[in-house]
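Text of the file input_36.pdb, holding PDB, C-alpha atoms:
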ATOM      1  CA  MET Z   1      21.861  96.235 102.060
ATOM      2  CA  ASP Z   2      23.168  97.853 105.249
ATOM      3  CA  PRO Z   3      21.851  96.992 108.688
ATOM      4  CA  ASP Z   4      18.968  99.058 109.985
ATOM      5  CA  PRO Z   5      20.421 101.793 112.253
ATOM      6  CA  ALA Z   6      17.624 101.061 114.737
ATOM      7  CA  CYS Z   7      19.427  97.784 115.465
ATOM      8  CA  TYR Z   8      22.487  99.496 116.883
ATOM      9  CA  GLU Z   9      21.792 103.190 117.556
ATOM     10  CA  ASN Z  10      20.704 102.568 121.147
ATOM     11  CA  LEU Z  11      23.427 100.024 121.850
ATOM     12  CA  ALA Z  12      25.516 101.222 124.808
ATOM     13  CA  ILE Z  13      29.216 101.568 124.063
ATOM     14  CA  ASP Z  14      31.720 101.844 126.892
ATOM     15  CA  GLU Z  15      33.627 105.096 126.191
ATOM     16  CA  GLY Z  16      36.539 103.839 128.295
ATOM     17  CA  ALA Z  17      36.861 100.768 126.103
ATOM     18  CA  VAL Z  18      36.787 102.917 122.966
ATOM     19  CA  ARG Z  19      39.546 105.131 124.370
ATOM     20  CA  LYS Z  20      41.638 102.080 125.241
ATOM     21  CA  ILE Z  21      41.247 100.766 121.690
ATOM     22  CA  ILE Z  22      42.357 104.119 120.265
ATOM     23  CA  LEU Z  23      45.294 104.328 122.673
ATOM     24  CA  ASP Z  24      46.273 100.753 121.821
ATOM     25  CA  TYR Z  25      46.329 101.726 118.134
ATOM     26  CA  LEU Z  26      48.523 104.783 118.790
ATOM     27  CA  ILE Z  27      50.970 102.864 120.970
ATOM     28  CA  HIS Z  28      50.978  99.909 118.581
ATOM     29  CA  ASN Z  29      52.054 102.214 115.758
ATOM     30  CA  CYS Z  30      54.670 103.991 117.912
ATOM     31  CA  LEU Z  31      52.880 107.344 117.734
ATOM     32  CA  GLN Z  32      54.358 108.518 121.032
ATOM     33  CA  GLU Z  33      53.490 112.216 120.991
ATOM     34  CA  THR Z  34      49.988 111.566 119.697
ATOM     35  CA  ALA Z  35      49.390 108.892 122.357
ATOM     36  CA  GLU Z  36      50.596 111.238 125.112
ATOM     37  CA  ALA Z  37      48.386 114.053 123.789
ATOM     38  CA  PHE Z  38      45.412 111.678 123.582
ATOM     39  CA  VAL Z  39      45.898 110.595 127.197
ATOM     40  CA  ALA Z  40      46.206 114.216 128.339
ATOM     41  CA  CYS Z  41      43.172 115.328 126.308
ATOM     42  CA  THR Z  42      40.893 112.521 127.485
ATOM     43  CA  GLY Z  43      42.034 112.528 131.100
ATOM     44  CA  MET Z  44      42.931 108.851 130.973
ATOM     45  CA  LYS Z  45      45.144 107.437 133.694
ATOM     46  CA  TYR Z  46      48.088 105.991 131.816
ATOM     47  CA  SER Z  47      51.798 106.503 132.257
ATOM     48  CA  PHE Z  48      54.401 106.079 129.567
ATOM     49  CA  ASP Z  49      57.989 105.041 130.069
ATOM     50  CA  TRP Z  50      59.173 105.416 126.499
ATOM     51  CA  SER Z  51      62.843 105.808 127.457
ATOM     52  CA  ALA Z  52      62.903 102.447 129.244
ATOM     53  CA  LYS Z  53      61.388 100.778 126.203
ATOM     54  CA  LEU Z  54      63.903 102.464 123.898
ATOM     55  CA  ASP Z  55      66.811 101.326 126.072
ATOM     56  CA  LYS Z  56      65.635  97.730 125.720
ATOM     57  CA  ARG Z  57      65.492  98.119 121.923
ATOM     58  CA  LYS Z  58      69.071  99.300 121.384
ATOM     59  CA  ASN Z  59      70.360  95.827 120.515
ATOM     60  CA  LEU Z  60      67.291  95.005 118.486
ATOM     61  CA  LEU Z  61      68.615  96.505 115.246
ATOM     62  CA  GLN Z  62      72.092  95.132 115.781
ATOM     63  CA  ASN Z  63      70.548  91.669 115.802
ATOM     64  CA  ASN Z  64      68.524  92.288 112.630
ATOM     65  CA  GLU Z  65      70.782  93.355 109.782
ATOM     66  CA  ASP Z  66      68.021  93.489 107.161
ATOM     67  CA  VAL Z  67      65.939  96.083 109.006
ATOM     68  CA  LEU Z  68      69.053  98.028 109.977
ATOM     69  CA  PHE Z  69      70.137  98.094 106.324
ATOM     70  CA  ASP Z  70      66.672  99.288 105.263
ATOM     71  CA  LEU Z  71      66.791 102.091 107.852
ATOM     72  CA  LEU Z  72      70.288 103.143 106.817
ATOM     73  CA  THR Z  73      69.382 103.196 103.126
ATOM     74  CA  LEU Z  74      66.223 105.132 103.963
ATOM     75  CA  HIS Z  75      68.340 107.756 105.741
ATOM     76  CA  PHE Z  76      70.614 107.892 102.688
ATOM     77  CA  VAL Z  77      67.582 108.371 100.428
ATOM     78  CA  GLU Z  78      66.315 111.207 102.636
ATOM     79  CA  LEU Z  79      69.699 112.946 102.323
ATOM     80  CA  VAL Z  80      69.485 112.591  98.530
ATOM     81  CA  ARG Z  81      65.874 113.842  98.558
ATOM     82  CA  SER Z  82      66.962 116.972 100.430
ATOM     83  CA  ARG Z  83      69.695 117.470  97.799
ATOM     84  CA  ASN Z  84      72.465 116.969 100.390
ATOM     85  CA  CYS Z  85      74.709 114.942  98.089
ATOM     86  CA  THR Z  86      77.855 115.555 100.142
ATOM     87  CA  GLY Z  87      76.098 114.405 103.287
ATOM     88  CA  ALA Z  88      74.697 111.387 101.429
ATOM     89  CA  LEU Z  89      78.168 110.416 100.180
ATOM     90  CA  GLU Z  90      79.714 110.802 103.639
ATOM     91  CA  PHE Z  91      76.883 108.803 105.183
ATOM     92  CA  ALA Z  92      77.230 106.046 102.566
ATOM     93  CA  GLN Z  93      80.995 105.813 103.140
ATOM     94  CA  LYS Z  94      80.586 105.658 106.898
ATOM     95  CA  GLU Z  95      77.457 103.510 107.276
ATOM     96  CA  LEU Z  96      76.817 101.588 104.053
ATOM     97  CA  THR Z  97      80.294 100.528 102.896
ATOM     98  CA  SER Z  98      80.252  97.373 105.012
ATOM     99  CA  TYR Z  99      77.181  96.145 103.108
ATOM    100  CA  GLY Z 100      78.923  96.447  99.726
ATOM    101  CA  ASN Z 101      80.581  93.056  99.946
ATOM    102  CA  ARG Z 102      77.541  91.133 101.173
ATOM    103  CA  GLU Z 103      75.639  89.318  98.470
ATOM    104  CA  GLN Z 104      72.114  89.925  99.805
ATOM    105  CA  TYR Z 105      72.597  93.720  99.915
ATOM    106  CA  ILE Z 106      74.671  94.507  96.818
ATOM    107  CA  GLU Z 107      71.849  94.997  94.309
ATOM    108  CA  LYS Z 108      69.726  97.237  96.538
ATOM    109  CA  LEU Z 109      72.774  99.214  97.622
ATOM    110  CA  GLN Z 110      73.751  99.824  93.995
ATOM    111  CA  ASP Z 111      70.206 100.910  93.154
ATOM    112  CA  VAL Z 112      70.002 103.318  96.085
ATOM    113  CA  VAL Z 113      73.412 104.868  95.430
ATOM    114  CA  THR Z 114      72.367 105.345  91.797
ATOM    115  CA  LEU Z 115      70.054 108.122  92.995
ATOM    116  CA  LEU Z 116      73.108 110.365  93.326
ATOM    117  CA  ALA Z 117      73.656 110.247  89.569
ATOM    118  CA  TYR Z 118      70.434 112.137  88.849
ATOM    119  CA  GLU Z 119      69.797 115.848  89.192
ATOM    120  CA  GLU Z 120      66.155 114.961  89.739
ATOM    121  CA  PRO Z 121      66.180 111.610  91.549
ATOM    122  CA  GLU Z 122      62.357 111.605  91.463
ATOM    123  CA  LYS Z 123      62.633 110.993  87.702
ATOM    124  CA  SER Z 124      65.232 108.218  87.945
ATOM    125  CA  PRO Z 125      64.543 104.562  87.168
ATOM    126  CA  VAL Z 126      64.862 103.812  90.902
ATOM    127  CA  TYR Z 127      62.490 106.566  92.052
ATOM    128  CA  GLU Z 128      60.488 104.034  94.095
ATOM    129  CA  PHE Z 129      63.029 104.443  96.910
ATOM    130  CA  LEU Z 130      61.748 108.017  97.272
ATOM    131  CA  SER Z 131      58.102 106.999  97.542
ATOM    132  CA  MET Z 132      55.903 107.066 100.615
ATOM    133  CA  ASP Z 133      55.180 103.391  99.956
ATOM    134  CA  HIS Z 134      58.866 102.594 100.427
ATOM    135  CA  ARG Z 135      59.012 104.622 103.647
ATOM    136  CA  GLN Z 136      55.901 102.875 104.933
ATOM    137  CA  SER Z 137      57.319  99.475 104.029
ATOM    138  CA  VAL Z 138      60.472 100.153 106.067
ATOM    139  CA  ALA Z 139      58.393 101.508 108.968
ATOM    140  CA  ASP Z 140      56.192  98.394 108.863
ATOM    141  CA  LYS Z 141      59.250  96.105 108.986
ATOM    142  CA  LEU Z 142      60.642  98.011 111.945
ATOM    143  CA  ASN Z 143      57.300  98.000 113.748
ATOM    144  CA  LYS Z 144      56.905  94.252 113.149
ATOM    145  CA  LEU Z 145      60.392  93.665 114.542
ATOM    146  CA  VAL Z 146      59.641  95.685 117.686
ATOM    147  CA  LEU Z 147      56.273  93.979 118.190
ATOM    148  CA  THR Z 148      57.779  90.517 117.735
ATOM    149  CA  HIS Z 149      60.584  91.363 120.146
ATOM    150  CA  HIS Z 150      58.058  92.361 122.813
ATOM    151  CA  GLN Z 151      55.838  89.361 121.970
ATOM    152  CA  LEU Z 152      52.955  91.636 121.020
ATOM    153  CA  PRO Z 153      50.340  90.910 118.337
ATOM    154  CA  ALA Z 154      51.070  91.971 114.775
ATOM    155  CA  THR Z 155      47.882  94.023 114.596
ATOM    156  CA  SER Z 156      46.292  96.506 116.978
ATOM    157  CA  SER Z 157      42.939  95.946 118.678
ATOM    158  CA  LEU Z 158      41.347  98.459 116.297
ATOM    159  CA  GLU Z 159      42.681  96.648 113.240
ATOM    160  CA  ARG Z 160      41.441  93.309 114.622
ATOM    161  CA  LEU Z 161      37.976  94.815 115.181
ATOM    162  CA  VAL Z 162      37.812  96.015 111.573
ATOM    163  CA  GLN Z 163      38.977  92.583 110.389
ATOM    164  CA  GLN Z 164      36.306  90.933 112.511
ATOM    165  CA  VAL Z 165      33.558  93.221 111.189
ATOM    166  CA  SER Z 166      34.697  92.473 107.643
ATOM    167  CA  VAL Z 167      34.560  88.723 108.242
ATOM    168  CA  VAL Z 168      31.141  88.891 109.913
ATOM    169  CA  ARG Z 169      29.703  90.936 107.037
ATOM    170  CA  TYR Z 170      31.261  88.535 104.519
ATOM    171  CA  CYS Z 171      29.680  85.557 106.320
ATOM    172  CA  LEU Z 172      26.303  87.315 106.426
ATOM    173  CA  LYS Z 173      26.557  87.971 102.696
ATOM    174  CA  GLN Z 174      27.315  84.293 102.084
ATOM    175  CA  ASP Z 175      24.420  83.147 104.282
ATOM    176  CA  CYS Z 176      21.852  85.529 102.793
ATOM    177  CA  GLY Z 177      22.901  85.334  99.158
ATOM    178  CA  LYS Z 178      22.621  88.234  96.714
ATOM    179  CA  ASP Z 179      19.975  89.952  98.858
ATOM    180  CA  GLY Z 180      22.189  89.809 101.941
ATOM    181  CA  TRP Z 181      24.334  92.465 103.513
ATOM    182  CA  ALA Z 182      26.990  94.091 101.406
ATOM    183  CA  PRO Z 183      30.601  93.361 102.335
ATOM    184  CA  PHE Z 184      31.938  95.784 104.934
ATOM    185  CA  SER Z 185      33.847  98.729 103.499
ATOM    186  CA  LEU Z 186      35.724 100.895 105.970
ATOM    187  CA  THR Z 187      35.957 103.663 103.375
ATOM    188  CA  SER Z 188      32.191 103.707 102.845
ATOM    189  CA  PHE Z 189      31.561 103.497 106.575
ATOM    190  CA  LEU Z 190      33.779 106.515 107.266
ATOM    191  CA  LYS Z 191      32.027 108.620 104.609
ATOM    192  CA  ARG Z 192      28.801 108.630 106.622
TER     193      ARG Z 192
END
Here is a file; write its structure as structure tokens.
Amino acid sequence: MDPDPACYENLAIDEGAVRKIILDYLIHNCLQETAEAFVACTGMKYSFDWSAKLDKRKNLLQNNEDVLFDLLTLHFVELVRSRNCTGALEFAQKELTSYGNREQYIEKLQDVVTLLAYEEPEKSPVYEFLSMDHRQSVADKLNKLVLTHHQLPATSSLERLVQQVSVVRYCLKQDCGKDGWAPFSLTSFLKR
């Protein structure tokens, strides 16, 4: 059972607050060009100093070997994906060799380098390194590192709102039993 639209259709929503939530989401996920375009399109008053923030982050990767290794191996994988084997080999020799004698990186490094042995790396036993899920996982680790460094929350305001709606709907379902409100589904909500 969904709530009656009459309960919320006339509820006033502050457009400025909605824009701030959207902008927070874009900035939170490091979508620089999209955030700048959103600000320009909506006429919001917001200035970005991306270069200053990037300057502060230069040492961030040097102090976090695991994320740096993931980014370097991701670059290697992208070279393999584009069939630039020579470039991938040169990159591996220059950037990944130092990880070859470190216990925590050996297995992953061997798996990633194995991609070079296949004419069609997408069909190799280690194809998961070519997946969008792997890319997203590395991006999430990097984003978490940046957010932690700047002492920012792990989730954006928009994500927290969706979490809150989900919890409220879950509690309503528990309180009202089987005839209560269905759990919140963002997918179903967006299909309206």
Applied to the shown file, which residues does the PyMOL selection byres ((chain Z and resi 74) around 9) return, written as a VMD selection string?
chain Z and resid 69 to 73 75 to 79 112 129 to 130 134 to 135 138
Got a sec: who's within 12 Å of Ser157 of chain Z, counting only C-alpha atoms, leaving out chain neighbours fewer than 4 positions off, as a list of chain:residue names?
Z:Ala17, Z:Val18, Z:Arg19, Z:Lys20, Z:Ile21, Z:Ile22, Z:Leu23, Z:Asp24, Z:Tyr25, Z:Leu26, Z:Ile27, Z:His28, Z:Asn29, Z:Leu152, Z:Pro153, Z:Leu161, Z:Val162, Z:Gln163, Z:Gln164
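Every residue that the PyMOL selection byres ((chain Z and resi 121-123) around 12) selects in this file is listed here: Val77, Glu78, Leu79, Val80, Arg81, Ser82, Arg83, Cys85, Asp111, Val112, Val113, Thr114, Leu115, Leu116, Ala117, Tyr118, Glu119, Glu120, Ser124, Pro125, Val126, Tyr127, Glu128, Phe129, Leu130 and Ser131 of chain Z.
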How many Å separate atom CA of Phe189 of chain Z from atom CA of Ala139 of chain Z?
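Between atom CA of Phe189 of chain Z and atom CA of Ala139 of chain Z the gap works out to 27.0 Å.
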Between Z:Asp175, Z:Glu159, Z:Asp66, Z:Glu9, which has the minimum distance to Lys108 of chain Z (counting only C-alpha atoms)?
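When distances to Lys108 of chain Z are compared using only C-alpha atoms, the smallest one comes from Z:Asp66.
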Separating atom CA of Leu158 of chain Z from atom CA of Gln174 of chain Z, to the nearest tenth of an Å, is a gap of 24.5 Å
List as a PyMOL selection string the protein and nucleic acid residues near Arg169 of chain Z, meaning an atom at most 8 Å away when all atoms listed in the file are counted, but skip any in the same chain fewer than 3 places from it.
chain Z and resi 165-166+172-173+181-184
For a test of reading the model, state the distance in Å between atom CA of Glu15 of chain Z and atom CA of Gly43 of chain Z, rounded to one decimal.
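The value is 12.2 Å.
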Which of Z:Ala35, Z:Lys45, Z:Ala6, Z:Glu65 sits closest to Arg102 of chain Z [using all atoms listed in the file]:
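Looking at the shortest contact to Arg102 of chain Z, the residue is Z:Glu65.
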Taking all atoms of segment 104-112 of chain Z that the file lists, what box with edges along x, y and z, padded by 8 Å per side, do you get, with centre and edge lengths in Å to one decimal, as JSON?
{"center_x": 72.2, "center_y": 96.6, "center_z": 96.5, "size_x": 20.9, "size_y": 29.4, "size_z": 22.8}
Since the input is missing atoms for segment 133-168 of chain Z, could you rebuild it with N, CA and C atoms and give the result as a short mmCIF file (atom, residue, chain, number, x, y, z; two decimals), keeping the file's coordinate frame?
data_model
loop_
_atom_site.label_atom_id
_atom_site.label_comp_id
_atom_site.auth_asym_id
_atom_site.auth_seq_id
_atom_site.Cartn_x
_atom_site.Cartn_y
_atom_site.Cartn_z
N ASP Z 133 55.38 104.84 99.81
CA ASP Z 133 55.18 103.39 99.96
C ASP Z 133 56.45 102.72 100.48
N HIS Z 134 57.60 103.16 99.96
CA HIS Z 134 58.87 102.59 100.43
C HIS Z 134 59.10 102.95 101.89
N ARG Z 135 58.87 104.20 102.24
CA ARG Z 135 59.01 104.62 103.65
C ARG Z 135 58.12 103.79 104.55
N GLN Z 136 56.86 103.63 104.13
CA GLN Z 136 55.90 102.88 104.93
C GLN Z 136 56.32 101.42 105.06
N SER Z 137 56.86 100.86 104.00
CA SER Z 137 57.32 99.48 104.03
C SER Z 137 58.44 99.29 105.07
N VAL Z 138 59.38 100.22 105.08
CA VAL Z 138 60.47 100.15 106.07
C VAL Z 138 59.91 100.34 107.48
N ALA Z 139 59.00 101.28 107.65
CA ALA Z 139 58.39 101.51 108.97
C ALA Z 139 57.63 100.27 109.43
N ASP Z 140 56.93 99.61 108.52
CA ASP Z 140 56.19 98.39 108.86
C ASP Z 140 57.14 97.28 109.30
N LYS Z 141 58.26 97.13 108.60
CA LYS Z 141 59.25 96.10 108.99
C LYS Z 141 59.80 96.38 110.37
N LEU Z 142 60.12 97.64 110.64
CA LEU Z 142 60.64 98.01 111.94
C LEU Z 142 59.60 97.78 113.03
N ASN Z 143 58.37 98.18 112.77
CA ASN Z 143 57.30 98.00 113.75
C ASN Z 143 57.07 96.52 114.02
N LYS Z 144 57.09 95.70 112.98
CA LYS Z 144 56.90 94.25 113.15
C LYS Z 144 58.04 93.67 114.00
N LEU Z 145 59.25 94.13 113.77
CA LEU Z 145 60.39 93.66 114.54
C LEU Z 145 60.23 94.01 116.02
N VAL Z 146 59.83 95.24 116.30
CA VAL Z 146 59.64 95.68 117.69
C VAL Z 146 58.51 94.89 118.35
N LEU Z 147 57.40 94.72 117.63
CA LEU Z 147 56.27 93.98 118.19
C LEU Z 147 56.64 92.52 118.47
N THR Z 148 57.35 91.90 117.55
CA THR Z 148 57.78 90.52 117.74
C THR Z 148 58.72 90.41 118.93
N HIS Z 149 59.63 91.35 119.03
CA HIS Z 149 60.58 91.36 120.15
C HIS Z 149 59.87 91.43 121.49
N HIS Z 150 58.81 92.21 121.56
CA HIS Z 150 58.06 92.36 122.81
C HIS Z 150 56.90 91.36 122.92
N GLN Z 151 56.86 90.41 121.99
CA GLN Z 151 55.84 89.36 121.97
C GLN Z 151 54.43 89.95 121.99
N LEU Z 152 54.26 90.98 121.16
CA LEU Z 152 52.96 91.64 121.02
C LEU Z 152 52.32 91.20 119.70
N PRO Z 153 51.00 91.31 119.59
CA PRO Z 153 50.34 90.91 118.34
C PRO Z 153 50.75 91.80 117.17
N ALA Z 154 50.66 91.24 115.99
CA ALA Z 154 51.07 91.97 114.78
C ALA Z 154 50.09 93.07 114.41
N THR Z 155 48.87 93.00 114.90
CA THR Z 155 47.88 94.02 114.60
C THR Z 155 47.33 94.61 115.89
N SER Z 156 46.87 95.84 115.81
CA SER Z 156 46.29 96.51 116.98
C SER Z 156 44.87 96.00 117.20
N SER Z 157 44.32 96.32 118.37
CA SER Z 157 42.94 95.95 118.68
C SER Z 157 41.98 96.55 117.65
N LEU Z 158 42.21 97.79 117.27
CA LEU Z 158 41.35 98.46 116.30
C LEU Z 158 41.37 97.73 114.95
N GLU Z 159 42.57 97.37 114.51
CA GLU Z 159 42.68 96.65 113.24
C GLU Z 159 41.99 95.29 113.32
N ARG Z 160 42.11 94.60 114.45
CA ARG Z 160 41.44 93.31 114.62
C ARG Z 160 39.92 93.48 114.61
N LEU Z 161 39.42 94.56 115.21
CA LEU Z 161 37.98 94.82 115.18
C LEU Z 161 37.47 95.02 113.75
N VAL Z 162 38.21 95.78 112.97
CA VAL Z 162 37.81 96.02 111.57
C VAL Z 162 37.87 94.70 110.80
N GLN Z 163 38.90 93.89 111.05
CA GLN Z 163 38.98 92.58 110.39
C GLN Z 163 37.78 91.72 110.77
N GLN Z 164 37.44 91.74 112.05
CA GLN Z 164 36.31 90.93 112.51
C GLN Z 164 35.00 91.39 111.88
N VAL Z 165 34.77 92.70 111.82
CA VAL Z 165 33.56 93.22 111.19
C VAL Z 165 33.52 92.80 109.72
N SER Z 166 34.64 92.86 109.06
CA SER Z 166 34.70 92.47 107.64
C SER Z 166 34.34 91.00 107.47
N VAL Z 167 34.86 90.15 108.33
CA VAL Z 167 34.56 88.72 108.24
C VAL Z 167 33.09 88.45 108.54
N VAL Z 168 32.55 89.10 109.56
CA VAL Z 168 31.14 88.89 109.91
C VAL Z 168 30.25 89.31 108.76
#
